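Have a look at run_39.tsv below; it lists TSV, C-alpha atoms.
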```
chain	number	residue	atom	x	y	z
A	946	MET	CA	74.90	97.22	140.50
A	947	ALA	CA	77.94	98.68	138.71
A	948	LYS	CA	80.85	99.68	140.88
A	949	GLU	CA	81.15	103.46	141.10
A	950	ILE	CA	84.39	104.72	139.57
A	951	ASN	CA	85.73	107.92	141.10
A	952	THR	CA	89.43	107.67	140.30
A	953	ILE	CA	91.04	106.14	137.22
A	954	GLY	CA	94.66	105.14	136.93
A	955	VAL	CA	96.50	104.89	133.62
A	956	LEU	CA	99.76	103.10	132.82
A	957	THR	CA	101.78	102.01	129.80
A	958	SER	CA	103.45	98.62	129.88
A	959	GLY	CA	105.81	96.56	127.73
A	960	GLY	CA	107.37	98.00	124.58
A	961	ASP	CA	106.60	101.64	123.82
A	962	ALA	CA	104.60	102.52	120.71
A	963	PRO	CA	103.90	105.82	118.94
A	964	GLY	CA	100.39	106.93	119.88
A	965	MET	CA	100.57	105.88	123.51
A	966	ASN	CA	100.70	109.55	124.51
A	967	ALA	CA	97.53	110.24	122.53
A	968	ALA	CA	95.81	107.44	124.46
A	969	ILE	CA	97.09	108.76	127.82
A	970	ARG	CA	95.85	112.24	126.92
A	971	ALA	CA	92.42	110.89	125.98
A	972	VAL	CA	92.11	108.90	129.23
A	973	VAL	CA	93.07	111.91	131.34
A	974	ARG	CA	90.87	114.46	129.64
A	975	THR	CA	87.84	112.19	129.20
A	976	SER	CA	88.00	111.18	132.87
A	977	ILE	CA	88.17	114.79	134.02
A	978	ALA	CA	85.33	115.77	131.67
A	979	ARG	CA	83.24	112.95	133.21
A	980	GLY	CA	83.91	114.26	136.73
A	981	MET	CA	86.54	111.73	137.78
A	982	LYS	CA	90.08	112.06	139.11
A	983	VAL	CA	93.07	110.60	137.26
A	984	LYS	CA	96.33	109.19	138.54
A	985	GLY	CA	99.25	108.44	136.25
A	986	ILE	CA	101.30	105.37	137.10
A	987	LYS	CA	104.90	105.65	135.95
A	988	LYS	CA	106.99	102.79	134.50
A	989	GLY	CA	104.16	100.30	134.10
A	990	TYR	CA	103.50	97.59	136.67
A	991	GLN	CA	106.98	98.13	138.15
A	992	GLY	CA	106.04	101.73	138.91
A	993	LEU	CA	102.77	100.56	140.43
A	994	LEU	CA	104.61	98.27	142.85
A	995	ASN	CA	107.05	101.10	143.63
A	996	GLU	CA	104.10	103.51	144.16
A	997	GLU	CA	105.34	105.91	141.48
A	998	ILE	CA	101.85	107.40	141.21
A	999	ILE	CA	101.06	111.02	140.38
A	1000	ASP	CA	97.90	113.10	140.18
A	1001	MET	CA	97.15	114.25	136.65
A	1002	GLU	CA	95.25	117.28	135.42
A	1003	ALA	CA	94.20	118.28	131.91
A	1004	LYS	CA	97.19	120.61	131.56
A	1005	ASP	CA	99.59	117.74	132.32
A	1006	VAL	CA	98.82	116.16	128.96
A	1007	SER	CA	99.06	119.36	126.91
A	1008	ASP	CA	101.45	119.18	123.97
A	1009	ILE	CA	102.07	115.42	124.15
A	1010	ILE	CA	99.83	114.07	121.38
A	1011	GLN	CA	102.55	114.59	118.75
A	1012	ARG	CA	105.32	113.00	120.80
A	1013	GLY	CA	106.55	109.44	120.35
A	1014	GLY	CA	107.20	107.08	123.25
A	1015	THR	CA	105.23	107.42	126.47
A	1016	VAL	CA	105.42	110.30	128.95
A	1017	LEU	CA	104.58	107.86	131.76
A	1018	GLY	CA	107.50	105.60	130.91
A	1019	THR	CA	107.34	101.84	130.63
A	1020	ALA	CA	109.15	98.81	132.02
A	1021	ARG	CA	108.83	95.06	132.26
A	1022	CYS	CA	108.13	93.66	135.72
A	1023	MET	CA	108.78	90.03	136.66
A	1024	GLU	CA	107.44	90.54	140.20
A	1025	PHE	CA	103.99	91.39	138.86
A	1026	LYS	CA	103.77	87.96	137.24
A	1027	THR	CA	103.59	86.39	140.70
A	1028	PRO	CA	100.39	86.13	142.80
A	1029	GLU	CA	102.13	88.08	145.58
A	1030	GLY	CA	103.07	90.89	143.21
A	1031	GLN	CA	99.56	91.05	141.80
A	1032	LYS	CA	97.97	91.27	145.25
A	1033	LYS	CA	100.48	93.95	146.24
A	1034	GLY	CA	99.57	95.94	143.10
A	1035	ALA	CA	95.85	95.74	143.86
A	1036	ASP	CA	96.44	96.77	147.49
A	1037	ILE	CA	98.44	99.79	146.30
A	1038	CYS	CA	95.60	100.76	143.96
A	1039	LYS	CA	93.16	100.64	146.87
A	1040	LYS	CA	95.56	102.60	149.07
A	1041	HIS	CA	95.67	105.40	146.47
A	1042	GLY	CA	91.91	105.30	145.88
A	1043	ILE	CA	92.21	103.95	142.33
A	1044	ASP	CA	88.93	102.23	141.39
A	1045	GLY	CA	89.80	101.40	137.79
A	1046	ILE	CA	92.88	101.25	135.57
A	1047	VAL	CA	93.46	101.66	131.86
A	1048	VAL	CA	96.44	99.55	130.80
A	1049	ILE	CA	98.04	100.42	127.44
A	1050	GLY	CA	100.22	97.61	126.11
A	1051	GLY	CA	100.32	94.17	124.50
A	1052	ASP	CA	99.17	90.70	125.44
A	1053	GLY	CA	101.57	90.42	128.39
A	1054	SER	CA	100.15	93.66	129.77
A	1055	TYR	CA	96.64	92.22	129.44
A	1056	ARG	CA	97.54	89.32	131.69
A	1057	GLY	CA	98.52	91.84	134.35
A	1058	ALA	CA	95.25	93.71	133.80
A	1059	GLN	CA	93.36	90.45	134.16
A	1060	ALA	CA	95.12	89.77	137.46
A	1061	LEU	CA	94.17	93.21	138.83
A	1062	SER	CA	90.57	92.66	137.77
A	1063	ARG	CA	90.47	89.43	139.76
A	1064	GLN	CA	91.70	91.42	142.75
A	1065	GLY	CA	88.74	93.80	142.53
A	1066	ILE	CA	90.24	96.64	140.45
A	1067	ASN	CA	88.17	97.36	137.34
A	1068	THR	CA	90.60	97.14	134.44
A	1069	ILE	CA	90.48	97.89	130.71
A	1070	GLY	CA	93.28	97.12	128.23
A	1071	LEU	CA	94.19	99.17	125.15
A	1072	PRO	CA	96.20	97.50	122.35
A	1073	GLY	CA	99.51	99.37	122.38
A	1074	THR	CA	102.05	97.51	120.23
A	1075	ILE	CA	103.74	98.15	116.90
A	1076	ASP	CA	103.56	94.43	116.10
A	1077	LEU	CA	99.81	94.29	115.20
A	1078	ASP	CA	99.81	90.82	116.80
A	1079	ILE	CA	96.74	91.10	119.04
A	1080	ALA	CA	94.12	88.80	117.56
A	1081	CYS	CA	90.96	90.58	118.70
A	1082	THR	CA	91.71	93.82	116.85
A	1083	GLU	CA	92.51	94.90	113.30
A	1084	TYR	CA	94.47	97.89	114.63
A	1085	THR	CA	97.03	98.34	117.38
A	1086	ILE	CA	98.38	101.66	118.62
A	1087	GLY	CA	101.75	102.38	116.99
A	1088	PHE	CA	101.62	99.99	114.04
A	1089	ASP	CA	100.78	102.64	111.46
A	1090	THR	CA	103.68	104.88	112.52
A	1091	ALA	CA	106.13	101.97	112.73
A	1092	VAL	CA	105.29	100.64	109.30
A	1093	ASN	CA	105.53	104.11	107.76
A	1094	THR	CA	108.90	104.70	109.46
A	1095	ALA	CA	110.17	101.39	108.12
A	1096	MET	CA	108.77	102.07	104.64
A	1097	GLN	CA	110.59	105.40	104.38
A	1098	ALA	CA	113.87	103.86	105.54
A	1099	ILE	CA	113.54	100.99	103.06
A	1100	ASP	CA	112.97	103.46	100.21
A	1101	LYS	CA	116.33	105.03	101.05
A	1102	VAL	CA	118.13	101.69	101.22
A	1103	LYS	CA	116.53	100.73	97.90
A	1104	ASP	CA	117.99	103.84	96.24
A	1105	THR	CA	121.55	102.99	97.21
A	1106	SER	CA	121.01	99.29	96.55
A	1107	SER	CA	120.04	100.12	92.97
A	1108	SER	CA	122.99	102.46	92.51
A	1109	HIS	CA	125.46	99.74	93.54
A	1110	GLU	CA	123.48	96.88	91.96
A	1111	ARG	CA	123.29	95.13	95.31
A	1112	CYS	CA	121.01	92.72	97.04
A	1113	SER	CA	119.73	94.21	100.32
A	1114	ILE	CA	118.25	92.32	103.23
A	1115	ILE	CA	116.32	94.72	105.44
A	1116	GLU	CA	115.19	93.41	108.81
A	1117	VAL	CA	112.10	94.96	110.38
A	1118	MET	CA	110.57	94.55	113.82
A	1119	GLY	CA	107.40	92.65	114.73
A	1120	ARG	CA	108.55	90.10	117.30
A	1121	ASN	CA	107.04	86.78	116.14
A	1122	ALA	CA	104.54	88.39	113.76
A	1123	GLY	CA	105.15	89.30	110.12
A	1124	TYR	CA	102.75	92.22	109.68
A	1125	ILE	CA	105.33	95.01	109.44
A	1126	ALA	CA	107.38	92.89	107.00
A	1127	LEU	CA	104.35	92.07	104.85
A	1128	TRP	CA	103.10	95.65	104.69
A	1129	CYS	CA	106.56	97.01	103.90
A	1130	GLY	CA	107.16	94.26	101.37
A	1131	ILE	CA	104.10	95.32	99.42
A	1132	ALA	CA	104.50	99.07	99.98
A	1133	ASN	CA	108.21	99.06	99.05
A	1134	GLY	CA	107.91	96.67	96.11
A	1135	ALA	CA	110.25	94.06	97.61
A	1136	GLU	CA	111.28	91.04	95.59
A	1137	ASP	CA	111.13	88.69	98.60
A	1138	ILE	CA	109.27	88.87	101.92
A	1139	LEU	CA	110.28	86.55	104.75
A	1140	ILE	CA	107.76	86.24	107.59
A	1141	PRO	CA	107.51	83.64	110.38
A	1142	GLU	CA	103.99	82.64	109.35
A	1143	LYS	CA	105.06	81.56	105.84
A	1144	TYR	CA	108.83	81.14	105.53
A	1145	ASP	CA	110.09	77.60	104.91
A	1146	PHE	CA	113.79	78.46	105.51
A	1147	ASP	CA	114.72	77.33	102.01
A	1148	GLU	CA	117.36	79.91	101.05
A	1149	GLN	CA	117.92	78.23	97.70
A	1150	ASN	CA	114.56	79.58	96.52
A	1151	ILE	CA	115.70	83.11	97.37
A	1152	ILE	CA	119.05	82.57	95.65
A	1153	ASN	CA	117.31	81.27	92.51
A	1154	ASN	CA	114.99	84.29	92.54
A	1155	ILE	CA	117.92	86.73	92.83
A	1156	ILE	CA	119.78	85.10	89.93
A	1157	ALA	CA	116.64	84.97	87.74
A	1158	ASN	CA	115.88	88.65	88.39
A	1159	ARG	CA	119.46	89.68	87.62
A	1160	ARG	CA	119.24	87.87	84.29
A	1161	LYS	CA	116.08	89.87	83.54
A	1162	GLY	CA	118.08	93.07	84.05
A	1163	LYS	CA	117.06	94.01	87.60
A	1164	THR	CA	119.72	96.19	89.20
A	1165	HIS	CA	118.72	95.50	92.79
A	1166	HIS	CA	116.99	92.88	94.90
A	1167	ILE	CA	115.19	93.83	98.10
A	1168	ILE	CA	114.45	91.20	100.74
A	1169	ILE	CA	112.28	92.25	103.70
A	1170	ASN	CA	113.11	89.98	106.62
A	1171	ALA	CA	110.92	89.82	109.73
A	1172	GLU	CA	112.47	89.99	113.19
A	1173	GLY	CA	110.93	86.60	113.99
A	1174	ILE	CA	113.26	85.05	111.40
A	1175	GLY	CA	116.29	87.27	111.98
A	1176	HIS	CA	119.92	86.28	111.21
A	1177	SER	CA	120.01	88.86	108.42
A	1178	VAL	CA	123.80	89.38	108.55
A	1179	SER	CA	124.67	85.70	108.22
A	1180	MET	CA	121.97	85.29	105.56
A	1181	ALA	CA	123.57	88.12	103.56
A	1182	ARG	CA	126.96	86.37	103.68
A	1183	ARG	CA	125.49	83.10	102.41
A	1184	ILE	CA	123.55	84.78	99.60
A	1185	GLU	CA	126.59	86.74	98.43
A	1186	ALA	CA	128.72	83.58	98.44
A	1187	ALA	CA	126.09	81.69	96.43
A	1188	THR	CA	125.26	84.40	93.88
A	1189	GLY	CA	128.43	86.45	93.59
A	1190	ILE	CA	126.24	89.54	94.01
A	1191	GLU	CA	127.22	92.04	96.71
A	1192	THR	CA	124.69	91.60	99.51
A	1193	ARG	CA	124.22	93.84	102.55
A	1194	ALA	CA	122.05	93.52	105.65
A	1195	THR	CA	120.36	96.50	107.29
A	1196	ILE	CA	118.61	96.03	110.63
A	1197	LEU	CA	116.23	98.94	111.24
A	1198	GLY	CA	115.77	98.12	114.92
A	1199	TYR	CA	114.33	100.48	117.50
A	1200	MET	CA	113.97	103.45	115.19
A	1201	GLN	CA	110.62	101.85	114.31
A	1202	ARG	CA	109.35	102.42	117.86
A	1203	GLY	CA	110.12	106.13	117.89
A	1204	GLY	CA	109.03	109.26	116.12
A	1205	SER	CA	105.96	111.43	115.98
A	1206	PRO	CA	102.84	109.29	115.52
A	1207	THR	CA	100.83	109.43	112.30
A	1208	ALA	CA	97.38	110.98	112.16
A	1209	LYS	CA	95.86	107.49	112.24
A	1210	ASP	CA	97.72	106.52	115.41
A	1211	ARG	CA	96.79	109.80	117.09
A	1212	TYR	CA	93.14	109.51	116.06
A	1213	TYR	CA	92.56	105.84	116.83
A	1214	ALA	CA	94.48	105.99	120.11
A	1215	SER	CA	92.43	109.01	121.19
A	1216	ILE	CA	89.11	107.30	120.43
A	1217	MET	CA	90.24	104.12	122.20
A	1218	GLY	CA	91.35	106.07	125.29
A	1219	ALA	CA	88.00	107.82	125.57
A	1220	TYR	CA	86.17	104.54	124.91
A	1221	ALA	CA	88.08	102.84	127.75
A	1222	VAL	CA	87.02	105.51	130.24
A	1223	ASP	CA	83.38	105.29	129.23
A	1224	ILE	CA	83.17	101.50	129.57
A	1225	LEU	CA	84.88	101.73	132.97
A	1226	ARG	CA	82.11	104.15	133.99
A	1227	GLN	CA	79.58	101.53	132.90
A	1228	GLY	CA	81.09	99.12	135.42
A	1229	LYS	CA	82.90	96.94	132.90
A	1230	THR	CA	86.13	95.23	133.86
A	1231	ASN	CA	88.55	92.65	132.46
A	1232	ARG	CA	87.94	94.00	128.95
A	1233	VAL	CA	90.22	94.91	126.05
A	1234	VAL	CA	89.32	97.55	123.47
A	1235	GLY	CA	89.67	96.65	119.81
A	1236	TYR	CA	88.82	97.83	116.33
A	1237	SER	CA	86.87	95.47	114.09
A	1238	HIS	CA	84.92	95.97	110.84
A	1239	GLY	CA	84.99	99.74	111.17
A	1240	GLU	CA	83.82	99.84	114.80
A	1241	PHE	CA	85.51	100.27	118.18
A	1242	VAL	CA	84.51	97.29	120.32
A	1243	ASP	CA	85.52	95.52	123.52
A	1244	TYR	CA	86.13	91.89	124.42
A	1245	ASP	CA	86.65	89.89	127.58
A	1246	ILE	CA	90.42	89.66	128.10
A	1247	GLU	CA	90.33	85.87	128.41
A	1248	GLU	CA	88.45	85.64	125.13
A	1249	ALA	CA	90.89	88.06	123.48
A	1250	LEU	CA	93.96	86.14	124.66
A	1251	ASN	CA	92.55	82.88	123.31
A	1252	MET	CA	91.96	84.29	119.81
A	1253	VAL	CA	94.41	83.31	117.07
A	1254	LYS	CA	95.57	85.76	114.41
A	1255	GLY	CA	97.25	84.79	111.17
A	1256	ILE	CA	98.40	86.33	107.91
A	1257	LYS	CA	95.63	86.31	105.33
A	1258	GLU	CA	96.56	84.00	102.47
A	1259	LYS	CA	95.21	86.41	99.85
A	1260	GLU	CA	97.46	89.23	101.09
A	1261	PHE	CA	100.58	87.07	101.00
A	1262	GLU	CA	99.64	85.76	97.56
A	1263	THR	CA	99.21	89.33	96.34
A	1264	ALA	CA	102.67	90.23	97.67
A	1265	TYR	CA	104.14	87.37	95.65
A	1266	LEU	CA	102.28	88.27	92.47
A	1267	LEU	CA	103.36	91.90	92.66
A	1268	SER	CA	107.01	90.95	93.13
A	1269	VAL	CA	107.20	89.02	89.85
```
Could you rewrite the structure in this file as structure tokens?
Amino acid sequence: MAKEINTIGVLTSGGDAPGMNAAIRAVVRTSIARGMKVKGIKKGYQGLLNEEIIDMEAKDVSDIIQRGGTVLGTARCMEFKTPEGQKKGADICKKHGIDGIVVIGGDGSYRGAQALSRQGINTIGLPGTIDLDIACTEYTIGFDTAVNTAMQAIDKVKDTSSSHERCSIIEVMGRNAGYIALWCGIANGAEDILIPEKYDFDEQNIINNIIANRRKGKTHHIIINAEGIGHSVSMARRIEAATGIETRATILGYMQRGGSPTAKDRYYASIMGAYAVDILRQGKTNRVVGYSHGEFVDYDIEEALNMVKGIKEKEFETAYLLSV
């Protein structure tokens, strides 16, 4: 028989992502509409261990859907990686009457959710990360906003790069995944895209490409460099020394995490938040919500963590063909 869920907790963990507030709002309002109570847990698992837990009503999530970041705050918590910390977290949930938790974050957050589930707290994960690096889902909360923020910034750098006839290396976020770099590379018409999944660290190929393009009359050369490769500043120095062409590095950094979420991030995050509440009511636990082939679905967390995600060869090939 499914465990009755009377009170749902919600927390955001790991790096913040635009759209997390939309997901929080959906969890709170769907829970209340279904006759359940909601408790917000501040600062992720660290806040759980510190008992930074508040009651939430529908009005508490008014006017947050358009805001970036997370109104609950987020933090990383080393203590929660230990068995003692996990048991303490579950005991605190029980003390506050929390029957189930919705965890919004990335793969590290899912491991914490899995631990709570093993301790008897029904737990559902939502994919909140700008990196798009969760294998079980084609969409993660925040990616669409982050890639659009980066795209707009790169357009601006491209304008000035063309005016000064420069080569520009623009480093985007993504941790060890190249999705933001690949999308921006195609969307911004970059000449070179460097991503961890494909890059062979042969800078001579890039140098040859820059020189060949300059001979064809190109007045700029845009290189999108993924965070997982990095070293953009030193790379710029080496390229300038080898080509004689002024080369500048721009690291977009944390601006990609902020800003008002796009319609897609608001919409998808809202549907996922409501979906999480409904599968908790069905008695499900240790699940992660995803989006696959046009449908919102859920997977066992262990299964989700064991999935492998890679860059599709056709997409990378297309990026190369379009840069010629």
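You will find CA of Ser1108 (chain A) at 20.7 Å from CA of Cys1129 (chain A).
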Interface rows for region 1113-1159 of chain A against region 1086-1102 of chain A: nearest pair, Å to one decimal, 12 Å, only C-alpha atoms, as JSON lines:
```
{"residue": "A:Ser1113", "atom": "CA", "partner": "A:Val1102", "partner_atom": "CA", "distance": 7.7}
{"residue": "A:Ile1114", "atom": "CA", "partner": "A:Val1102", "partner_atom": "CA", "distance": 9.6}
{"residue": "A:Ile1115", "atom": "CA", "partner": "A:Ile1099", "partner_atom": "CA", "distance": 7.3}
{"residue": "A:Glu1116", "atom": "CA", "partner": "A:Ala1095", "partner_atom": "CA", "distance": 9.5}
{"residue": "A:Val1117", "atom": "CA", "partner": "A:Ala1095", "partner_atom": "CA", "distance": 7.1}
{"residue": "A:Met1118", "atom": "CA", "partner": "A:Ala1091", "partner_atom": "CA", "distance": 8.7}
{"residue": "A:Gly1119", "atom": "CA", "partner": "A:Phe1088", "partner_atom": "CA", "distance": 9.4}
{"residue": "A:Ala1122", "atom": "CA", "partner": "A:Phe1088", "partner_atom": "CA", "distance": 12.0}
{"residue": "A:Gly1123", "atom": "CA", "partner": "A:Val1092", "partner_atom": "CA", "distance": 11.4}
{"residue": "A:Tyr1124", "atom": "CA", "partner": "A:Val1092", "partner_atom": "CA", "distance": 8.8}
{"residue": "A:Ile1125", "atom": "CA", "partner": "A:Val1092", "partner_atom": "CA", "distance": 5.6}
{"residue": "A:Ala1126", "atom": "CA", "partner": "A:Val1092", "partner_atom": "CA", "distance": 8.3}
{"residue": "A:Leu1127", "atom": "CA", "partner": "A:Val1092", "partner_atom": "CA", "distance": 9.7}
{"residue": "A:Trp1128", "atom": "CA", "partner": "A:Val1092", "partner_atom": "CA", "distance": 7.1}
{"residue": "A:Cys1129", "atom": "CA", "partner": "A:Met1096", "partner_atom": "CA", "distance": 5.6}
{"residue": "A:Gly1130", "atom": "CA", "partner": "A:Met1096", "partner_atom": "CA", "distance": 8.6}
{"residue": "A:Ile1131", "atom": "CA", "partner": "A:Met1096", "partner_atom": "CA", "distance": 9.7}
{"residue": "A:Ala1132", "atom": "CA", "partner": "A:Met1096", "partner_atom": "CA", "distance": 7.0}
{"residue": "A:Asn1133", "atom": "CA", "partner": "A:Met1096", "partner_atom": "CA", "distance": 6.4}
{"residue": "A:Gly1134", "atom": "CA", "partner": "A:Asp1100", "partner_atom": "CA", "distance": 9.4}
{"residue": "A:Ala1135", "atom": "CA", "partner": "A:Ile1099", "partner_atom": "CA", "distance": 9.4}
```
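Among the candidates A:Lys948, A:Lys1257, A:Arg1193, A:Arg979, the one nearest to Val1222 (chain A) when counting only C-alpha atoms is A:Arg979.
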**Request:** Could you please determine the separation between CA of Arg1226 (chain A) and CA of Ile950 (chain A) in Å, to one decimal place?
**Result:**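 Separation between CA of Arg1226 (chain A) and CA of Ile950 (chain A): 6.1 Å.
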**Request:** Would you mind listing what lies within 9 Å of Met1217 (chain A) as an NGL selection string, with only C-alpha atoms counted and same-chain residues fewer than 2 positions away left out?
**Result:** :A and (968 or 971-972 or 1071-1072 or 1212-1215 or 1219-1222 or 1234-1236 or 1241)
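With distances restricted to all atoms listed in the file, A:Val1233 is the closest residue to Glu1247 (chain A) from A:Ala1194, A:Ile1046, A:Val1233, A:Val983.
CA of Ile1174 (chain A) lies 18.3 Å from CA of Tyr1265 (chain A).
Taking only C-alpha atoms into account, Leu1266 (chain A) lies nearest to A:Ile1138 out of the set A:Ile1216, A:Met1200, A:Ile1138, A:Val1242.
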Test item: which residues lie within 12 Å of (89.5, 117.9, 128.1) counting only C-alpha atoms, as a PDB file with C-alpha atoms, in the frame of the given file:
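Okay, part_15.pdb is ready:
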```pdb
ATOM      1  CA  ILE A 969      97.090 108.760 127.820  1.00  0.00           C
ATOM      2  CA  ARG A 970      95.850 112.240 126.920  1.00  0.00           C
ATOM      3  CA  ALA A 971      92.420 110.890 125.980  1.00  0.00           C
ATOM      4  CA  VAL A 972      92.110 108.900 129.230  1.00  0.00           C
ATOM      5  CA  VAL A 973      93.070 111.910 131.340  1.00  0.00           C
ATOM      6  CA  ARG A 974      90.870 114.460 129.640  1.00  0.00           C
ATOM      7  CA  THR A 975      87.840 112.190 129.200  1.00  0.00           C
ATOM      8  CA  SER A 976      88.000 111.180 132.870  1.00  0.00           C
ATOM      9  CA  ILE A 977      88.170 114.790 134.020  1.00  0.00           C
ATOM     10  CA  ALA A 978      85.330 115.770 131.670  1.00  0.00           C
ATOM     11  CA  ARG A 979      83.240 112.950 133.210  1.00  0.00           C
ATOM     12  CA  GLY A 980      83.910 114.260 136.730  1.00  0.00           C
ATOM     13  CA  MET A 981      86.540 111.730 137.780  1.00  0.00           C
ATOM     14  CA  GLU A1002      95.250 117.280 135.420  1.00  0.00           C
ATOM     15  CA  ALA A1003      94.200 118.280 131.910  1.00  0.00           C
ATOM     16  CA  LYS A1004      97.190 120.610 131.560  1.00  0.00           C
ATOM     17  CA  ASP A1005      99.590 117.740 132.320  1.00  0.00           C
ATOM     18  CA  VAL A1006      98.820 116.160 128.960  1.00  0.00           C
ATOM     19  CA  SER A1007      99.060 119.360 126.910  1.00  0.00           C
ATOM     20  CA  SER A1215      92.430 109.010 121.190  1.00  0.00           C
ATOM     21  CA  ALA A1219      88.000 107.820 125.570  1.00  0.00           C
TER      22      ALA A1219
END
```
**Message:** So, with all atoms listed in the file as the atoms that count, which of A:His1166, A:Arg1182, A:Lys988, A:Arg1120 lies closest to Asp1104 (chain A)?
**Reply:** A:His1166
**Asked** Pick from A:Asp1147, A:Glu1083, A:Glu949, A:Glu1262: nearest to Ile1224 (chain A), with only C-alpha atoms counted?
**Response**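 Checking each of A:Asp1147, A:Glu1083, A:Glu949, A:Glu1262 against Ile1224 (chain A), counting only C-alpha atoms, the winner is A:Glu949.
Candidate residues A:Asp1052, A:Glu1185, A:Asp1000, A:Glu1258 were compared for distance to Asp1076 (chain A), and the nearest is A:Asp1052, using all atoms listed in the file.
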**Message:** I want to know what sits within 8 Å of Ala1020 (chain A), based on only C-alpha atoms, with residues of the same chain fewer than 2 positions away left out; could you give that as a PyMOL selection string?
**Reply:** chain A and resi 958-960+988-991+1018+1022
**Request:** Would you kindly return, as a PyMOL selection string, each protein, DNA or RNA residue with an atom no farther than 10 Å from any atom of Tyr1055 (chain A), considering only C-alpha atoms and excluding same-chain residues fewer than 2 positions away?
**Result:** chain A and resi 958+1048-1053+1057-1061+1068-1072+1231-1233+1246-1247+1249-1250
Would you save the residues of that selection, restricted to C-alpha atoms, as a compact mmCIF listing (two decimals), keeping the file's coordinate frame?
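Result file follows (result11.txt):
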```txt
# COMPACT_ATOMS: atom_id res chain seq x y z
CA SER A 958 103.45 98.62 129.88
CA VAL A 1048 96.44 99.55 130.80
CA ILE A 1049 98.04 100.42 127.44
CA GLY A 1050 100.22 97.61 126.11
CA GLY A 1051 100.32 94.17 124.50
CA ASP A 1052 99.17 90.70 125.44
CA GLY A 1053 101.57 90.42 128.39
CA GLY A 1057 98.52 91.84 134.35
CA ALA A 1058 95.25 93.71 133.80
CA GLN A 1059 93.36 90.45 134.16
CA ALA A 1060 95.12 89.77 137.46
CA LEU A 1061 94.17 93.21 138.83
CA THR A 1068 90.60 97.14 134.44
CA ILE A 1069 90.48 97.89 130.71
CA GLY A 1070 93.28 97.12 128.23
CA LEU A 1071 94.19 99.17 125.15
CA PRO A 1072 96.20 97.50 122.35
CA ASN A 1231 88.55 92.65 132.46
CA ARG A 1232 87.94 94.00 128.95
CA VAL A 1233 90.22 94.91 126.05
CA ILE A 1246 90.42 89.66 128.10
CA GLU A 1247 90.33 85.87 128.41
CA ALA A 1249 90.89 88.06 123.48
CA LEU A 1250 93.96 86.14 124.66
```
**Asked** Excluding same-chain residues fewer than 6 positions from region 1033-1040 of chain A, what lies within 7 Å of it counting all atoms listed in the file, as an NGL selection string?
**Response** :A and (993-994 or 1061 or 1064 or 1066)
Give one line per residue of region 980-1096 of chain A that approaches region 961-964 of chain A to at most 7 Å, naming the two atoms of the closest pair and their distance in Å to one decimal, counting all atoms listed in the file; sort by chain then ascending residue number and deliver it as a Markdown table.
```
| residue | atom | partner | partner_atom | distance |
| --- | --- | --- | --- | --- |
| A:Gly1013 | CA | A:Pro963 | CA | 4.7 |
| A:Gly1014 | CA | A:Asp961 | CA | 5.5 |
| A:Thr1015 | CA | A:Asp961 | CA | 6.5 |
| A:Thr1019 | CA | A:Asp961 | CA | 6.9 |
| A:Gly1073 | CA | A:Ala962 | CA | 6.2 |
| A:Thr1074 | CA | A:Ala962 | CA | 5.6 |
| A:Ile1075 | CA | A:Ala962 | CA | 5.9 |
| A:Ile1086 | CA | A:Gly964 | CA | 5.8 |
| A:Gly1087 | CA | A:Pro963 | CA | 4.5 |
| A:Thr1090 | CA | A:Pro963 | CA | 6.5 |
```
